[in-house]
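Trainee: Provided herewith is a single structure, encoded as structure tokens, for subsequent inquiry.
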Amino acid sequence: MKQDQVSVNKDIRADHVRVIGADGEQIGIMAIEEALREARSLDLDLVEVSPGANPPVCKIMDYGKYKYELTKKKQETKRKQKSTQIKEIKVRPKTDDHDLETKVRHIEKFISKNDKVKITLVFRGREVVLREQASQVLEKIVSMTEEFAQVEQLPKFEGRVITMLLGPK
């Protein structure tokens, strides 16, 4: 510890605090007992705001109201957060055009709610040889959704599954 810090610490005793009034105006440095008396006379609480300061900073306030306002602020920020989910649509290489239109309507509904859509194309049995047909199905979906969605993850082949991710524009 430096010499000048020690002398500063000796000037202000540990039983004194800096007090801020209920209106937010600084009252000054006073003994803890005197600050408590001041808070009680106003029918409020003495709350330590900054314990690390020298001297510690205390504020005269209604602690119950303060805690209530903190929880309200926390709820407000939680409500303002956007939560996105990943919805999944499954298709097959031989999925017909009408069925694709129905699935595209579902994709549009999900994307309008700011959700992302994972399109999973599943191969069964010998369908693995129909890769060209599968890529055409995915291209159709992309072309049908291009006005309200964008491809966030290009089609990726993993075993017997091709996945692609669409997100809102």
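All residue names refer to the structure tokens as shown: chains lettered A, B, ... in order, residues numbered from 1 in each chain, ligands numbered from 1 in order.
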Quick one: which stretch 47-134 of chain A residues come within 6 Å of stretch 150-161 of chain A, and what is the nearest atom pair for each with the distance in Å to one decimal, counting only C-alpha atoms, rows ordered by chain and ascending number, as a Markdown table?
Mentor:
| residue | atom | partner | partner_atom | distance |
| --- | --- | --- | --- | --- |
| A:Leu121 | CA | A:Val161 | CA | 5.7 |
| A:Val122 | CA | A:Val161 | CA | 4.7 |
| A:Phe123 | CA | A:Arg160 | CA | 5.2 |
Trainee: For the residues in the current selection, export C-alpha atoms as a PDB file, in the first residue's frame.
Mentor:
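Everything below was put into part26.pdb:
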ATOM      1  CA  LEU A 121     -34.761 -33.929 -46.410  1.00  0.00           C
ATOM      2  CA  VAL A 122     -34.717 -37.610 -45.416  1.00  0.00           C
ATOM      3  CA  PHE A 123     -33.729 -40.492 -47.677  1.00  0.00           C
TER       4      PHE A 123
END
Trainee: Just want the 12 Å neighbourhood of A:Pro51, counted on only C-alpha atoms, with same-chain residues fewer than 4 positions away dropped. Output as a list of chain:residue names.
Mentor: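 The residues that qualify are A:Ala14, A:His16, A:Val17, A:Arg18, A:Val47, A:Pro55, A:Pro56, A:Val57, A:Cys58, A:Lys59.
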Trainee: Would you list the contacts of A:Lys140 as an NGL selection string, taking every protein, DNA or RNA residue within 9 Å and counting only C-alpha atoms, but skipping same-chain residues closer than 4 positions in sequence?
Mentor: :A and (97 or 100 or 135-136 or 144-145)
Trainee: Let's have the selection written as a short mmCIF file (atom, residue, chain, number, x, y, z; two decimals), in the first residue's frame, with C-alpha atoms.
Mentor:
data_model
loop_
_atom_site.label_atom_id
_atom_site.label_comp_id
_atom_site.auth_asym_id
_atom_site.auth_seq_id
_atom_site.Cartn_x
_atom_site.Cartn_y
_atom_site.Cartn_z
CA ASP A 97 -45.55 -29.84 -55.61
CA LEU A 100 -44.40 -28.49 -50.99
CA SER A 135 -31.56 -31.00 -54.64
CA GLN A 136 -34.39 -29.97 -57.00
CA MET A 144 -40.91 -20.41 -53.25
CA THR A 145 -39.70 -18.73 -50.04
#
Trainee: Give me the residues near A:Ile111 as a PyMOL selection string, where near means some atom within 12 Å (using only C-alpha atoms) and where sequence neighbours in that chain fewer than 6 positions away do not count.
Mentor: chain A and resi 84-88+104-105+117-118+145-151+165-169
Trainee: Got time to write the residues from that selection, C-alpha atoms, as a short mmCIF file (atom, residue, chain, number, x, y, z; two decimals), in the first residue's frame?
Mentor:
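After the write, out.cif holds the following:
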data_model
loop_
_atom_site.label_atom_id
_atom_site.label_comp_id
_atom_site.auth_asym_id
_atom_site.auth_seq_id
_atom_site.Cartn_x
_atom_site.Cartn_y
_atom_site.Cartn_z
CA THR A 84 -36.14 -17.31 -31.75
CA GLN A 85 -36.81 -20.98 -32.07
CA ILE A 86 -35.79 -23.40 -34.76
CA LYS A 87 -38.79 -25.13 -36.28
CA GLU A 88 -38.30 -28.22 -38.43
CA VAL A 104 -44.02 -23.47 -47.69
CA ARG A 105 -47.15 -21.97 -46.06
CA VAL A 117 -36.82 -23.10 -40.09
CA LYS A 118 -34.65 -26.17 -40.50
CA THR A 145 -39.70 -18.73 -50.04
CA GLU A 146 -37.25 -16.20 -51.47
CA GLU A 147 -39.55 -13.20 -50.93
CA PHE A 148 -39.83 -13.66 -47.14
CA ALA A 149 -36.90 -15.95 -46.18
CA GLN A 150 -33.21 -16.29 -46.84
CA VAL A 151 -30.90 -19.29 -46.71
CA LEU A 165 -31.60 -23.56 -42.52
CA LEU A 166 -33.88 -20.67 -43.50
CA GLY A 167 -34.22 -17.44 -41.57
CA PRO A 168 -36.29 -14.26 -41.86
CA LYS A 169 -35.12 -11.63 -44.37
#
Trainee: Using Å and a single decimal, report how far atom CA of A:Asp99 sits from atom CA of A:Asn114.
Mentor: 23.1 Å
Trainee: Which one is closest to A:Asn54: A:Glu25, A:Glu139, A:Asp15, A:Glu101? Count only C-alpha atoms.
Mentor: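 Counting only C-alpha atoms, the residue closest to A:Asn54 is A:Asp15.
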Trainee: Taking the chain letters and numbering used in this document, name the residues of stretch 30-147 of chain A that DSSP puts in strand (DSSP E), as a PyMOL selection string.
Mentor: chain A and resi 30-31+45-50+57-61+86-91+116-122
Trainee: Using only C-alpha atoms, determine which residues lie at most 7 Å from A:Pro93, disregarding the query and same-chain residues fewer than 6 positions distant; provide the list as a ChimeraX atom specification.
Mentor: /A:121,130,133-134,137
Trainee: Keeping N, CA and C atoms for every residue in the selection just given, could you write it to a file as a JSON list (two decimals), in the first residue's frame?
Mentor:
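The result, written out as part.json:
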[["chain", "number", "residue", "atom", "x", "y", "z"],
["A", 121, "LEU", "N", -34.37, -33.04, -45.33],
["A", 121, "LEU", "CA", -34.76, -33.93, -46.41],
["A", 121, "LEU", "C", -34.21, -35.31, -46.06],
["A", 130, "LEU", "N", -31.31, -40.80, -55.37],
["A", 130, "LEU", "CA", -32.11, -39.70, -55.92],
["A", 130, "LEU", "C", -31.59, -38.34, -55.45],
["A", 133, "GLN", "N", -32.82, -35.36, -57.58],
["A", 133, "GLN", "CA", -34.21, -35.03, -57.31],
["A", 133, "GLN", "C", -34.33, -34.30, -55.97],
["A", 134, "ALA", "N", -33.53, -34.72, -54.98],
["A", 134, "ALA", "CA", -33.55, -34.08, -53.67],
["A", 134, "ALA", "C", -33.10, -32.63, -53.76],
["A", 137, "VAL", "N", -35.84, -30.50, -55.12],
["A", 137, "VAL", "CA", -36.88, -30.21, -54.12],
["A", 137, "VAL", "C", -36.43, -29.04, -53.24]]
Trainee: If you run DSSP on this backbone, which residues of stretch 11-91 of chain A come out as helix (DSSP H, G or I), and could you give them as a short mmCIF file (atom, residue, chain, number, x, y, z; two decimals) with C-alpha atoms, in the first residue's frame?
Mentor:
data_model
loop_
_atom_site.label_atom_id
_atom_site.label_comp_id
_atom_site.auth_asym_id
_atom_site.auth_seq_id
_atom_site.Cartn_x
_atom_site.Cartn_y
_atom_site.Cartn_z
CA ASP A 11 -8.70 10.78 7.60
CA ILE A 32 -23.63 5.79 10.65
CA GLU A 33 -25.84 6.32 13.71
CA GLU A 34 -26.66 9.86 12.63
CA ALA A 35 -27.47 8.69 9.08
CA LEU A 36 -29.77 5.98 10.48
CA ARG A 37 -31.53 8.55 12.66
CA GLU A 38 -32.00 10.81 9.61
CA ALA A 39 -33.50 7.91 7.60
CA ARG A 40 -35.83 6.89 10.43
CA SER A 41 -37.04 10.47 10.86
CA TYR A 63 -36.00 -0.23 0.13
CA GLY A 64 -39.20 -2.20 -0.57
CA LYS A 65 -40.14 0.19 -3.38
CA TYR A 66 -36.57 0.00 -4.73
CA LYS A 67 -36.66 -3.82 -4.86
CA TYR A 68 -40.10 -3.71 -6.52
CA GLU A 69 -38.83 -1.32 -9.22
CA LEU A 70 -35.79 -3.56 -9.84
CA THR A 71 -38.01 -6.61 -10.44
CA LYS A 72 -40.25 -4.55 -12.74
CA LYS A 73 -37.21 -3.44 -14.78
CA LYS A 74 -35.99 -7.03 -14.99
CA GLN A 75 -39.41 -8.20 -16.22
CA GLU A 76 -39.49 -5.38 -18.79
CA THR A 77 -36.10 -6.29 -20.24
CA LYS A 78 -37.10 -9.95 -20.33
CA ARG A 79 -40.28 -9.05 -22.21
CA LYS A 80 -38.38 -6.96 -24.77
#
Trainee: Quick one: pull the distance between atom CA of A:Val128 and atom CA of A:Ile107, Å, one decimal.
Mentor: 25.1 Å
Trainee: Applying 7 Å and only C-alpha atoms, which residues near A:Thr120 remain after dropping the ones on its own chain fewer than 4 positions away? List them as a VMD selection string.
Mentor: chain A and resid 89 to 91 161 to 164
Trainee: Kindly save the residues from that selection, with C-alpha atoms included, as a JSON list (two decimals), in the first residue's frame.
Mentor:
[["chain", "number", "residue", "atom", "x", "y", "z"],
["A", 89, "ILE", "CA", -40.00, -29.17, -41.69],
["A", 90, "LYS", "CA", -39.36, -32.64, -43.07],
["A", 91, "VAL", "CA", -39.54, -33.44, -46.78],
["A", 161, "VAL", "CA", -30.21, -36.61, -44.34],
["A", 162, "ILE", "CA", -29.77, -33.23, -46.05],
["A", 163, "THR", "CA", -30.37, -30.20, -43.84],
["A", 164, "MET", "CA", -30.79, -26.54, -44.74]]
